Structure formats: C-alpha cells, structure tokens
$ cat my_file_35.txt   # compact mmCIF, C-alpha atoms
# COMPACT_ATOMS: atom_id res chain seq x y z
CA MET A 1 25.41 4.26 15.61
CA LYS A 2 22.34 6.21 16.67
CA VAL A 3 18.97 4.51 16.96
CA GLY A 4 15.60 6.17 17.51
CA VAL A 5 12.73 4.15 19.01
CA VAL A 6 9.21 5.57 18.68
CA VAL A 7 6.91 5.10 21.67
CA PHE A 8 3.10 5.19 21.36
CA PRO A 9 0.60 4.77 24.18
CA GLY A 10 0.42 0.98 24.47
CA THR A 11 3.89 0.27 23.09
CA ASN A 12 5.62 -2.23 25.38
CA CYS A 13 8.82 -3.36 23.65
CA GLU A 14 10.62 -0.02 23.59
CA LEU A 15 12.85 -0.81 26.57
CA ASP A 16 13.75 -4.29 25.24
CA THR A 17 14.71 -2.65 21.96
CA LYS A 18 16.70 0.06 23.73
CA TYR A 19 18.45 -2.53 25.91
CA ALA A 20 19.33 -4.67 22.90
CA TYR A 21 20.78 -1.84 20.84
CA GLU A 22 22.66 -0.34 23.80
CA LYS A 23 24.15 -3.75 24.51
CA LEU A 24 25.40 -3.76 20.92
CA GLY A 25 27.01 -0.36 21.50
CA ALA A 26 24.48 1.99 19.94
CA GLU A 27 23.22 5.26 21.33
CA VAL A 28 19.44 4.95 21.70
CA GLU A 29 16.84 7.65 22.02
CA LEU A 30 13.19 7.00 22.85
CA ILE A 31 10.87 9.30 20.90
CA TRP A 32 7.39 10.01 22.30
CA HIS A 33 4.73 9.90 19.59
CA LYS A 34 3.62 13.48 20.34
CA GLU A 35 6.95 14.85 19.13
CA THR A 36 6.86 16.29 15.64
CA ASP A 37 10.55 15.96 14.73
CA LEU A 38 13.00 13.08 14.81
CA PRO A 39 16.42 13.53 16.43
CA ASN A 40 19.19 14.53 14.03
CA GLY A 41 21.67 12.00 12.73
CA LEU A 42 19.66 8.79 13.15
CA ASP A 43 21.14 5.67 11.53
CA LEU A 44 18.06 3.61 12.26
CA LEU A 45 14.48 4.27 13.32
CA VAL A 46 12.60 1.46 15.06
CA LEU A 47 8.84 1.16 15.46
CA PRO A 48 8.80 -1.36 18.30
CA GLY A 49 6.33 -4.02 19.37
CA GLY A 50 3.33 -3.64 21.64
CA PHE A 51 -0.29 -2.66 21.37
CA SER A 52 -0.36 0.96 20.25
CA TYR A 53 -3.73 2.48 21.13
CA GLY A 54 -4.83 -0.88 22.49
CA ASP A 55 -5.01 -2.28 18.95
CA TYR A 56 -8.41 -0.53 18.74
CA LEU A 57 -10.10 -0.65 15.36
CA ARG A 58 -7.16 -2.58 13.82
CA SER A 59 -3.56 -3.06 14.94
CA GLY A 60 -1.62 0.05 13.99
CA ALA A 61 -4.64 1.86 12.51
CA ILE A 62 -4.66 4.75 14.96
CA ALA A 63 -0.91 5.03 15.55
CA LYS A 64 -0.46 6.00 11.93
CA PHE A 65 -2.05 9.40 12.68
CA SER A 66 0.21 10.24 15.64
CA PRO A 67 2.00 13.63 15.40
CA ILE A 68 5.43 12.02 14.93
CA MET A 69 4.29 10.04 11.90
CA ASN A 70 4.76 12.82 9.33
CA ALA A 71 8.42 12.92 10.28
CA VAL A 72 8.62 9.11 10.25
CA ILE A 73 7.09 8.92 6.77
CA LYS A 74 9.44 11.61 5.49
CA TYR A 75 12.47 9.87 7.02
CA ALA A 76 11.52 6.48 5.55
CA LYS A 77 10.65 7.87 2.13
CA ASN A 78 13.98 9.69 2.01
CA GLY A 79 15.76 6.37 2.38
CA GLY A 80 16.27 6.33 6.15
CA TYR A 81 16.62 2.81 7.57
CA THR A 82 13.36 1.92 9.28
CA LEU A 83 12.55 -1.29 11.15
CA GLY A 84 9.06 -2.25 12.30
CA ILE A 85 8.89 -5.12 14.76
CA CYS A 86 5.52 -6.79 15.39
CA ASN A 87 3.14 -3.86 16.08
CA GLY A 88 5.70 -1.69 14.28
CA PHE A 89 5.31 -3.91 11.21
CA GLN A 90 1.53 -3.57 11.47
CA ILE A 91 1.89 0.22 11.59
CA LEU A 92 4.15 0.22 8.49
CA LEU A 93 1.45 -1.78 6.66
CA GLU A 94 -1.28 0.63 7.78
CA LEU A 95 0.88 3.50 6.52
CA SER A 96 1.32 1.70 3.18
CA LEU A 97 5.08 2.07 3.60
CA LEU A 98 5.07 -1.70 3.16
CA PRO A 99 2.52 -3.59 1.01
CA GLY A 100 -0.21 -5.92 2.33
CA ALA A 101 -2.26 -6.10 5.52
CA MET A 102 -2.62 -8.17 8.69
CA LYS A 103 -5.54 -10.36 9.66
CA LYS A 104 -6.22 -12.26 12.84
CA ASN A 105 -4.24 -15.47 13.16
CA ASN A 106 -5.98 -18.38 11.44
CA ASN A 107 -6.48 -20.26 14.72
CA ILE A 108 -7.76 -17.05 16.43
CA HIS A 109 -5.25 -17.54 19.25
CA PHE A 110 -2.64 -15.10 20.45
CA ILE A 111 0.57 -17.05 19.74
CA SER A 112 3.58 -16.58 22.02
CA GLU A 113 6.39 -19.04 21.36
CA TYR A 114 9.80 -19.51 19.79
CA HIS A 115 9.51 -20.17 16.09
CA TYR A 116 12.04 -20.98 13.39
CA LEU A 117 12.45 -18.69 10.41
CA GLU A 118 14.20 -19.25 7.12
CA VAL A 119 16.23 -16.47 5.53
CA ILE A 120 14.82 -15.98 2.02
CA ASN A 121 16.76 -12.93 0.84
CA ASN A 122 19.94 -11.56 2.34
CA GLU A 123 20.92 -8.82 -0.08
CA ASN A 124 19.69 -6.13 2.22
CA ARG A 125 20.96 -4.25 5.24
CA PHE A 126 18.93 -6.22 7.78
CA LEU A 127 19.92 -9.79 6.89
CA ARG A 128 23.30 -9.18 5.27
CA PHE A 129 25.13 -11.27 7.88
CA PHE A 130 23.06 -14.35 6.98
CA GLN A 131 23.13 -16.76 4.06
CA LYS A 132 19.99 -17.64 2.15
CA GLY A 133 18.47 -20.71 3.77
CA ASP A 134 19.92 -19.97 7.22
CA LEU A 135 17.57 -20.80 10.07
CA ILE A 136 16.84 -18.35 12.85
CA ASN A 137 15.05 -19.23 16.09
CA ILE A 138 13.42 -16.24 17.81
CA PRO A 139 10.13 -15.52 19.60
CA ILE A 140 6.84 -14.55 18.01
CA ALA A 141 4.06 -12.96 20.07
CA HIS A 142 1.01 -11.78 18.20
CA GLY A 143 -2.72 -12.21 17.64
CA GLU A 144 -2.80 -10.48 14.27
CA GLY A 145 0.16 -11.74 12.29
CA ASN A 146 -1.69 -13.41 9.47
CA TYR A 147 -0.07 -11.55 6.58
CA TYR A 148 -2.23 -11.00 3.53
CA ILE A 149 -1.27 -9.74 0.11
CA ASP A 150 -3.04 -10.26 -3.21
CA GLU A 151 -1.51 -12.27 -6.05
CA ASN A 152 -0.12 -9.28 -7.94
CA GLY A 153 1.45 -7.88 -4.81
CA PHE A 154 2.93 -11.24 -3.95
CA ALA A 155 4.47 -11.59 -7.40
CA LYS A 156 6.12 -8.19 -6.96
CA LEU A 157 7.49 -9.16 -3.54
CA GLU A 158 9.09 -12.25 -5.06
CA GLU A 159 10.39 -10.47 -8.14
CA ASN A 160 12.04 -7.67 -6.15
CA GLU A 161 13.47 -9.96 -3.45
CA GLN A 162 11.35 -8.26 -0.81
CA ILE A 163 10.49 -11.41 1.13
CA LEU A 164 12.93 -11.51 4.04
CA LEU A 165 11.82 -14.38 6.25
CA LYS A 166 9.37 -17.26 6.20
CA TYR A 167 8.14 -19.36 9.10
CA CYS A 168 9.37 -22.95 9.12
CA ASP A 169 10.28 -25.77 11.53
CA GLU A 170 13.76 -26.70 12.78
CA ASN A 171 14.35 -28.76 9.61
CA ALA A 172 13.29 -25.93 7.32
CA ASN A 173 10.04 -27.71 6.52
CA GLU A 174 6.86 -25.73 6.18
CA SER A 175 5.38 -24.67 9.51
CA ASN A 176 2.99 -21.77 9.34
CA PRO A 177 1.78 -20.63 12.78
CA ASN A 178 -0.71 -17.96 11.78
CA GLY A 179 -1.90 -18.50 8.19
CA SER A 180 0.29 -15.89 6.50
CA VAL A 181 0.41 -16.00 2.71
CA ASP A 182 3.31 -18.32 1.77
CA SER A 183 4.36 -18.40 5.48
CA ILE A 184 5.75 -14.86 5.21
CA ALA A 185 7.14 -13.52 8.51
CA GLY A 186 8.93 -10.40 7.27
CA ILE A 187 9.26 -8.21 4.20
CA CYS A 188 10.96 -5.02 3.04
CA ASN A 189 10.17 -2.32 0.50
CA LYS A 190 11.57 -2.33 -3.02
CA ASP A 191 14.31 0.15 -2.10
CA LYS A 192 15.32 -2.08 0.84
CA ASN A 193 15.42 0.58 3.51
CA ILE A 194 12.07 -0.16 5.22
CA PHE A 195 11.81 -3.51 7.00
CA GLY A 196 8.95 -5.18 8.85
CA LEU A 197 8.67 -8.50 10.64
CA MET A 198 6.36 -10.07 13.19
CA PRO A 199 9.03 -12.01 15.17
CA HIS A 200 11.04 -10.26 17.89
CA PRO A 201 14.84 -10.18 17.33
CA GLU A 202 15.26 -7.87 20.36
CA ARG A 203 13.97 -10.68 22.61
CA ALA A 204 16.68 -13.11 21.47
CA ILE A 205 19.98 -11.44 22.26
CA GLU A 206 21.42 -13.49 25.16
CA ASP A 207 21.73 -17.23 25.76
CA ILE A 208 19.78 -16.88 28.98
CA LEU A 209 16.78 -15.77 26.91
CA GLY A 210 16.90 -19.04 24.98
CA SER A 211 18.48 -17.69 21.82
CA LYS A 212 20.73 -14.92 20.63
CA ASP A 213 19.91 -15.27 16.97
CA GLY A 214 18.46 -11.76 17.08
CA VAL A 215 21.89 -10.16 17.53
CA LYS A 216 23.01 -10.81 13.95
CA MET A 217 19.78 -9.30 12.69
CA LEU A 218 19.99 -6.11 14.77
CA GLU A 219 23.70 -5.76 13.94
CA GLY A 220 22.94 -5.60 10.24
CA PHE A 221 22.11 -1.93 10.57
CA PHE A 222 25.49 -0.97 12.05
CA LYS A 223 27.81 0.82 9.65
CA MET B 1 -27.64 12.30 11.75
CA LYS B 2 -27.03 8.63 12.43
CA VAL B 3 -24.64 6.97 10.03
CA ILE B 4 -23.77 3.28 10.07
CA VAL B 5 -20.58 1.95 8.54
CA ASN B 6 -20.49 -1.82 8.03
CA ILE B 7 -17.04 -3.24 7.44
CA GLN B 8 -16.28 -6.73 6.18
CA LEU B 9 -13.29 -8.60 4.84
CA LYS B 10 -13.37 -8.58 1.03
CA GLN B 11 -14.79 -11.52 -0.85
CA GLY B 12 -12.01 -14.02 -1.34
CA VAL B 13 -10.12 -12.97 1.78
CA LEU B 14 -10.42 -15.82 4.29
CA ASP B 15 -12.06 -14.78 7.55
CA PRO B 16 -10.49 -16.74 10.46
CA GLN B 17 -13.09 -15.51 12.97
CA GLY B 18 -15.99 -16.41 10.72
CA LYS B 19 -14.50 -19.84 10.13
CA ALA B 20 -14.17 -20.49 13.87
CA VAL B 21 -17.75 -19.40 14.54
CA HIS B 22 -18.98 -21.53 11.65
CA HIS B 23 -17.18 -24.49 13.17
CA ALA B 24 -18.76 -23.80 16.57
CA LEU B 25 -22.25 -23.54 15.03
CA SER B 26 -21.69 -26.87 13.28
CA SER B 27 -20.74 -28.49 16.59
CA LEU B 28 -24.03 -27.18 17.98
CA SER B 29 -25.78 -29.01 15.11
CA PHE B 30 -26.82 -25.87 13.24
CA ASP B 31 -25.99 -27.69 10.04
CA GLU B 32 -27.99 -25.32 7.85
CA VAL B 33 -25.32 -22.62 8.19
CA LYS B 34 -23.26 -22.65 5.01
CA SER B 35 -20.78 -19.92 5.87
CA VAL B 36 -20.10 -17.15 8.39
CA ARG B 37 -18.44 -13.81 7.79
CA ILE B 38 -17.70 -11.51 10.70
CA GLY B 39 -17.33 -7.78 10.30
CA LYS B 40 -17.74 -4.72 12.41
CA GLN B 41 -20.34 -2.03 12.62
CA ILE B 42 -19.40 1.54 13.47
CA VAL B 43 -22.23 3.90 14.38
CA LEU B 44 -21.54 7.60 13.99
CA ASN B 45 -23.59 10.55 15.14
CA VAL B 46 -22.75 13.23 12.61
CA ASP B 47 -23.64 16.92 12.40
CA GLY B 48 -25.23 17.83 9.09
CA ASN B 49 -28.50 17.87 7.12
CA ASP B 50 -27.36 17.10 3.61
CA LYS B 51 -27.39 13.31 3.33
CA GLU B 52 -25.23 13.23 0.23
CA GLU B 53 -22.64 15.50 1.79
CA VAL B 54 -22.61 13.48 5.02
CA LYS B 55 -22.19 10.26 3.04
CA LYS B 56 -19.31 11.78 1.09
CA ARG B 57 -17.55 12.75 4.32
CA VAL B 58 -18.11 9.35 5.91
CA LYS B 59 -16.71 7.70 2.79
CA MET B 60 -13.53 9.74 3.30
CA MET B 61 -13.42 8.69 6.97
CA SER B 62 -13.85 5.06 5.99
CA GLU B 63 -11.09 5.16 3.41
CA GLU B 64 -8.67 7.05 5.63
CA LEU B 65 -9.23 5.27 8.93
CA LEU B 66 -12.30 3.14 9.58
CA ALA B 67 -11.58 0.42 7.01
CA ASN B 68 -8.35 -0.99 5.66
CA THR B 69 -9.20 -1.10 1.98
CA VAL B 70 -6.38 -3.55 1.27
CA ILE B 71 -8.49 -6.30 2.83
CA GLU B 72 -11.83 -4.76 3.79
CA ASP B 73 -14.96 -3.47 2.03
CA PHE B 74 -17.33 -1.03 3.66
CA GLU B 75 -20.92 0.11 3.15
CA ILE B 76 -22.41 3.33 4.47
CA ILE B 77 -26.03 3.63 5.59
CA VAL B 78 -27.18 7.17 6.27
CA GLY B 79 -30.18 7.27 8.60
CA ASP B 80 -32.81 9.92 9.23
CA ASN B 81 -32.30 12.96 11.40
CA ASP B 82 -32.81 12.16 15.05
$ encode --input "my_file_35.txt" --output "structure tokens"
Amino acid sequence: MKVGVVVFPGTNCELDTKYAYEKLGAEVELIWHKETDLPNGLDLLVLPGGFSYGDYLRSGAIAKFSPIMNAVIKYAKNGGYTLGICNGFQILLELSLLPGAMKKNNNIHFISEYHYLEVINNENRFLRFFQKGDLINIPIAHGEGNYYIDENGFAKLEENEQILLKYCDENANESNPNGSVDSIAGICNKDKNIFGLMPHPERAIEDILGSKDGVKMLEGFFK
Amino acid sequence: MKVIVNIQLKQGVLDPQGKAVHHALSSLSFDEVKSVRIGKQIVLNVDGNDKEEVKKRVKMMSEELLANTVIEDFEIIVGDND
C-alpha cells in the first residue's frame, strides 16, 4: 500500500496523515506542491487538512493552481483513489472534482470538537467496512465547513449514492454543527474514487486520542 | 487602469456573516436594517487602455479565481486611467 500526501504552504495535517497510514502499515510519501509529477504506483493520494495559502481569498482557492495540481487532476480523473480531508475537501470542491462549495459556518465560529457522523452509503472504497447507519465519532476542526449545493446537485448526490456521511448526535438524531445542506459531512464523486470530508479520521486512530473510529475509514483504501 | 471586482454570495444562498452582523445591528437598536449581505471587494491595478478588453480579461480572472461561481456572483467596475 503506497500513499501520497500533498503538502502546500499552510498545510498542517500532513504528518498526522503520514503517521496514521504508516501505523496501518502503508508506505507514505509527502509530495511538495511545487513538484509536477506524482510518485509511481500510488494506491491512494491524500490532500490533507490545514490552511493552504492561509485560506486567502477562499479556502482552497489558491492551492488549486499549484504546480502539482495538473498531475493530481489527471490522477483523480483516471480513477486514482483520492481523499480530501478538511482543507483537502475544500480544494477538491474548488477544483470541481467534487460538486458544491463551502461557506463559513452558520454560527461564524471555528468549530473544533468531536462530532458524531452517520454512515449514509457504504458501497464505496472508503466506507466499505461500515454498515449503513453506523455511527462514527471523530474530530471536526473548521471555520468553513458549511457545505452548499443547489437542489439539482443535491438530487444527483442522493440518486448516485454520493453522500457518504452526515453529522448527527450520539443517538443518530439530527445535529448540524455548521449549517451544511442536509447535515452533509462528506461526499464522493459519481465514479466513487474521489472522496471528500470535513471531519478528520487521521486524528482518531488510537484510544488515547479519544477515539479510533478513523482507523476503519483509512483502512478502506487498503487492497 | 483601476478595476474593482465586487463579489457577493448569490441571491438565495444564505450569508452567515451577513446574518450575524444583522443580528448585531438589531441589538444596537438599528431596527431599520432589513437585511445585511457581506461580500468582498478586490481592487486591481491593470495595464491596458482598452476598457472593453480589460473588462474581458478581468471577467476571466473572476471566473477562474477571484469568485467561486458555484455560490458567488461578481460585478466588474472599470475605472478611468490614473
């Protein structure tokens, strides 16, 4: 299992992601955004969390023009497994590799807390070790995680089983921390090889961190 | 040439910042305020004399980078030479 993790100026979750995947037995390579080619033989490419380019203009807006991005777009469009976590998700939206856009959280606050998620669709590589309706408890940490998509786009997400995760409380009741449309926390593309979510599975991989629910998510990409 | 790009969330897209500021104005008893929308203004100093051509280029910049047209509208105001 070989994982590539792209690093932009302002990225700050690359080492957590590397640690998590190495702990699971993967070989991990950090890829500086000024590179123009991806390493050969990647099984998974991660766009990690952080604040690429200081979130200037909009989260992810400037990172999408980094030199490495042509290779990233090509890899993802050719079916390569791609995972965007938090800022990585925002970048995938800015690239239009995933549909929709992010707005500031409804309460304007930066939210950093554990939050429950409900598994909505599991017939994909990322959540294949879960059942529909399973609850996951992992951290969220974002100021712009208020997912927006118009009605037509939303209907397509539902129809194609692209909604991965929704925010909820510990009893699976509605609990929407940021105002996202239909409490959406994560989605994938129609072909189910490009995944994006605001919560941080790489921060929930050991009991001492408060949860290891993230392990089963990250493991989904192993062969 | 000075070019101003005003960017706002599209009509119908809720503006959390605007809502918070509206709430704050109400608490200050400015009850006449019916709604608040917050956007951003980007001021460019652009080489060029042909206003139409400059506007065309700035439209491309806005669509590619300055605005996210999934949720935002933009307007371009081309100023005089200075």
$ residues_near_point --input "my_file_35.txt" --point "(2.4, -3.6, 10.2)" --cutoff "12 Å" --atoms "only C-alpha atoms" --output "short mmCIF file (atom, residue, chain, number, x, y, z; two decimals) with C-alpha atoms, keeping the file's coordinate frame"
data_model
loop_
_atom_site.label_atom_id
_atom_site.label_comp_id
_atom_site.auth_asym_id
_atom_site.auth_seq_id
_atom_site.Cartn_x
_atom_site.Cartn_y
_atom_site.Cartn_z
CA LEU A 47 8.84 1.16 15.46
CA PRO A 48 8.80 -1.36 18.30
CA GLY A 49 6.33 -4.02 19.37
CA GLY A 50 3.33 -3.64 21.64
CA PHE A 51 -0.29 -2.66 21.37
CA SER A 52 -0.36 0.96 20.25
CA ASP A 55 -5.01 -2.28 18.95
CA ARG A 58 -7.16 -2.58 13.82
CA SER A 59 -3.56 -3.06 14.94
CA GLY A 60 -1.62 0.05 13.99
CA ALA A 61 -4.64 1.86 12.51
CA ILE A 62 -4.66 4.75 14.96
CA ALA A 63 -0.91 5.03 15.55
CA LYS A 64 -0.46 6.00 11.93
CA LEU A 83 12.55 -1.29 11.15
CA GLY A 84 9.06 -2.25 12.30
CA ILE A 85 8.89 -5.12 14.76
CA CYS A 86 5.52 -6.79 15.39
CA ASN A 87 3.14 -3.86 16.08
CA GLY A 88 5.70 -1.69 14.28
CA PHE A 89 5.31 -3.91 11.21
CA GLN A 90 1.53 -3.57 11.47
CA ILE A 91 1.89 0.22 11.59
CA LEU A 92 4.15 0.22 8.49
CA LEU A 93 1.45 -1.78 6.66
CA GLU A 94 -1.28 0.63 7.78
CA LEU A 95 0.88 3.50 6.52
CA SER A 96 1.32 1.70 3.18
CA LEU A 97 5.08 2.07 3.60
CA LEU A 98 5.07 -1.70 3.16
CA PRO A 99 2.52 -3.59 1.01
CA GLY A 100 -0.21 -5.92 2.33
CA ALA A 101 -2.26 -6.10 5.52
CA MET A 102 -2.62 -8.17 8.69
CA LYS A 103 -5.54 -10.36 9.66
CA HIS A 142 1.01 -11.78 18.20
CA GLU A 144 -2.80 -10.48 14.27
CA GLY A 145 0.16 -11.74 12.29
CA ASN A 146 -1.69 -13.41 9.47
CA TYR A 147 -0.07 -11.55 6.58
CA TYR A 148 -2.23 -11.00 3.53
CA ALA A 185 7.14 -13.52 8.51
CA GLY A 186 8.93 -10.40 7.27
CA ILE A 187 9.26 -8.21 4.20
CA CYS A 188 10.96 -5.02 3.04
CA ILE A 194 12.07 -0.16 5.22
CA PHE A 195 11.81 -3.51 7.00
CA GLY A 196 8.95 -5.18 8.85
CA LEU A 197 8.67 -8.50 10.64
CA MET A 198 6.36 -10.07 13.19
CA PRO A 199 9.03 -12.01 15.17
CA ASN B 68 -8.35 -0.99 5.66
#
$ closest_residue --input "my_file_35.txt" --among "B:Val36, B:Val3, B:Leu66, B:Ile77" --to "His23 in chain B" --atoms "all atoms listed in the file"
B:Val36
$ closest_residue --input "my_file_35.txt" --among "A:Asn105, A:Val215, A:Glu113, A:Glu206" --to "chain B" --atoms "only C-alpha atoms"
A:Asn105
$ atom_distance --input "my_file_35.txt" --atom1 "CA of Trp32 in chain A" --atom2 "CA of Asp213 in chain A"
28.7 Å
$ interface_residues --input "my_file_35.txt" --of "chain B" --to "chain A" --cutoff "7 Å" --atoms "all atoms listed in the file" --output "list of chain:residue names"
B:Pro16, B:Gln17, B:Leu65, B:Val70, B:Ile71
$ write_last_selection --input "my_file_35.txt" --atoms "C-alpha atoms" --output "CSV table (one decimal), in the frame of the given file"
chain,number,residue,atom,x,y,z
B,16,PRO,CA,-10.5,-16.7,10.5
B,17,GLN,CA,-13.1,-15.5,13.0
B,65,LEU,CA,-9.2,5.3,8.9
B,70,VAL,CA,-6.4,-3.6,1.3
B,71,ILE,CA,-8.5,-6.3,2.8
$ residues_around --input "my_file_35.txt" --residues "Ile7 in chain B" --least-positions-apart "4" --cutoff "7 Å" --atoms "all atoms listed in the file" --output "PDB file with C-alpha atoms, keeping the file's coordinate frame"
ATOM      1  CA  GLY B  39     -17.330  -7.780  10.300  1.00  0.00           C
ATOM      2  CA  LYS B  40     -17.740  -4.720  12.410  1.00  0.00           C
ATOM      3  CA  GLN B  41     -20.340  -2.030  12.620  1.00  0.00           C
ATOM      4  CA  ALA B  67     -11.580   0.420   7.010  1.00  0.00           C
ATOM      5  CA  GLU B  72     -11.830  -4.760   3.790  1.00  0.00           C
ATOM      6  CA  ASP B  73     -14.960  -3.470   2.030  1.00  0.00           C
ATOM      7  CA  PHE B  74     -17.330  -1.030   3.660  1.00  0.00           C
ATOM      8  CA  GLU B  75     -20.920   0.110   3.150  1.00  0.00           C
TER       9      GLU B  75
END
$ residues_around --input "my_file_35.txt" --residues "Thr17 in chain A" --least-positions-apart "3" --cutoff "6 Å" --atoms "all atoms listed in the file" --output "MDAnalysis selection string"
chainID A and resid 14 20 202
$ residues_around --input "my_file_35.txt" --residues "Asn121 in chain A" --least-positions-apart "6" --cutoff "8 Å" --atoms "all atoms listed in the file" --output "list of chain:residue names"
A:Leu127, A:Lys132, A:Glu161, A:Gln162, A:Ile163, A:Leu164, A:Leu165
$ residues_around --input "my_file_35.txt" --residues "Lys56 in chain B" --least-positions-apart "4" --cutoff "12 Å" --atoms "all atoms listed in the file" --output "PyMOL selection string"
chain B and resi 3+48+50-52+60-63+75-78
$ write_last_selection --input "my_file_35.txt" --atoms "C-alpha atoms" --output "mmCIF file, in the frame of the given file"
data_model
loop_
_atom_site.group_PDB
_atom_site.id
_atom_site.type_symbol
_atom_site.label_atom_id
_atom_site.label_comp_id
_atom_site.auth_asym_id
_atom_site.auth_seq_id
_atom_site.Cartn_x
_atom_site.Cartn_y
_atom_site.Cartn_z
ATOM 1 C CA VAL B 3 -24.640 6.970 10.030
ATOM 2 C CA GLY B 48 -25.230 17.830 9.090
ATOM 3 C CA ASP B 50 -27.360 17.100 3.610
ATOM 4 C CA LYS B 51 -27.390 13.310 3.330
ATOM 5 C CA GLU B 52 -25.230 13.230 0.230
ATOM 6 C CA MET B 60 -13.530 9.740 3.300
ATOM 7 C CA MET B 61 -13.420 8.690 6.970
ATOM 8 C CA SER B 62 -13.850 5.060 5.990
ATOM 9 C CA GLU B 63 -11.090 5.160 3.410
ATOM 10 C CA GLU B 75 -20.920 0.110 3.150
ATOM 11 C CA ILE B 76 -22.410 3.330 4.470
ATOM 12 C CA ILE B 77 -26.030 3.630 5.590
ATOM 13 C CA VAL B 78 -27.180 7.170 6.270
#
$ atom_distance --input "my_file_35.txt" --atom1 "CA of Ile73 in chain A" --atom2 "CA of Lys2 in chain A"
18.4 Å
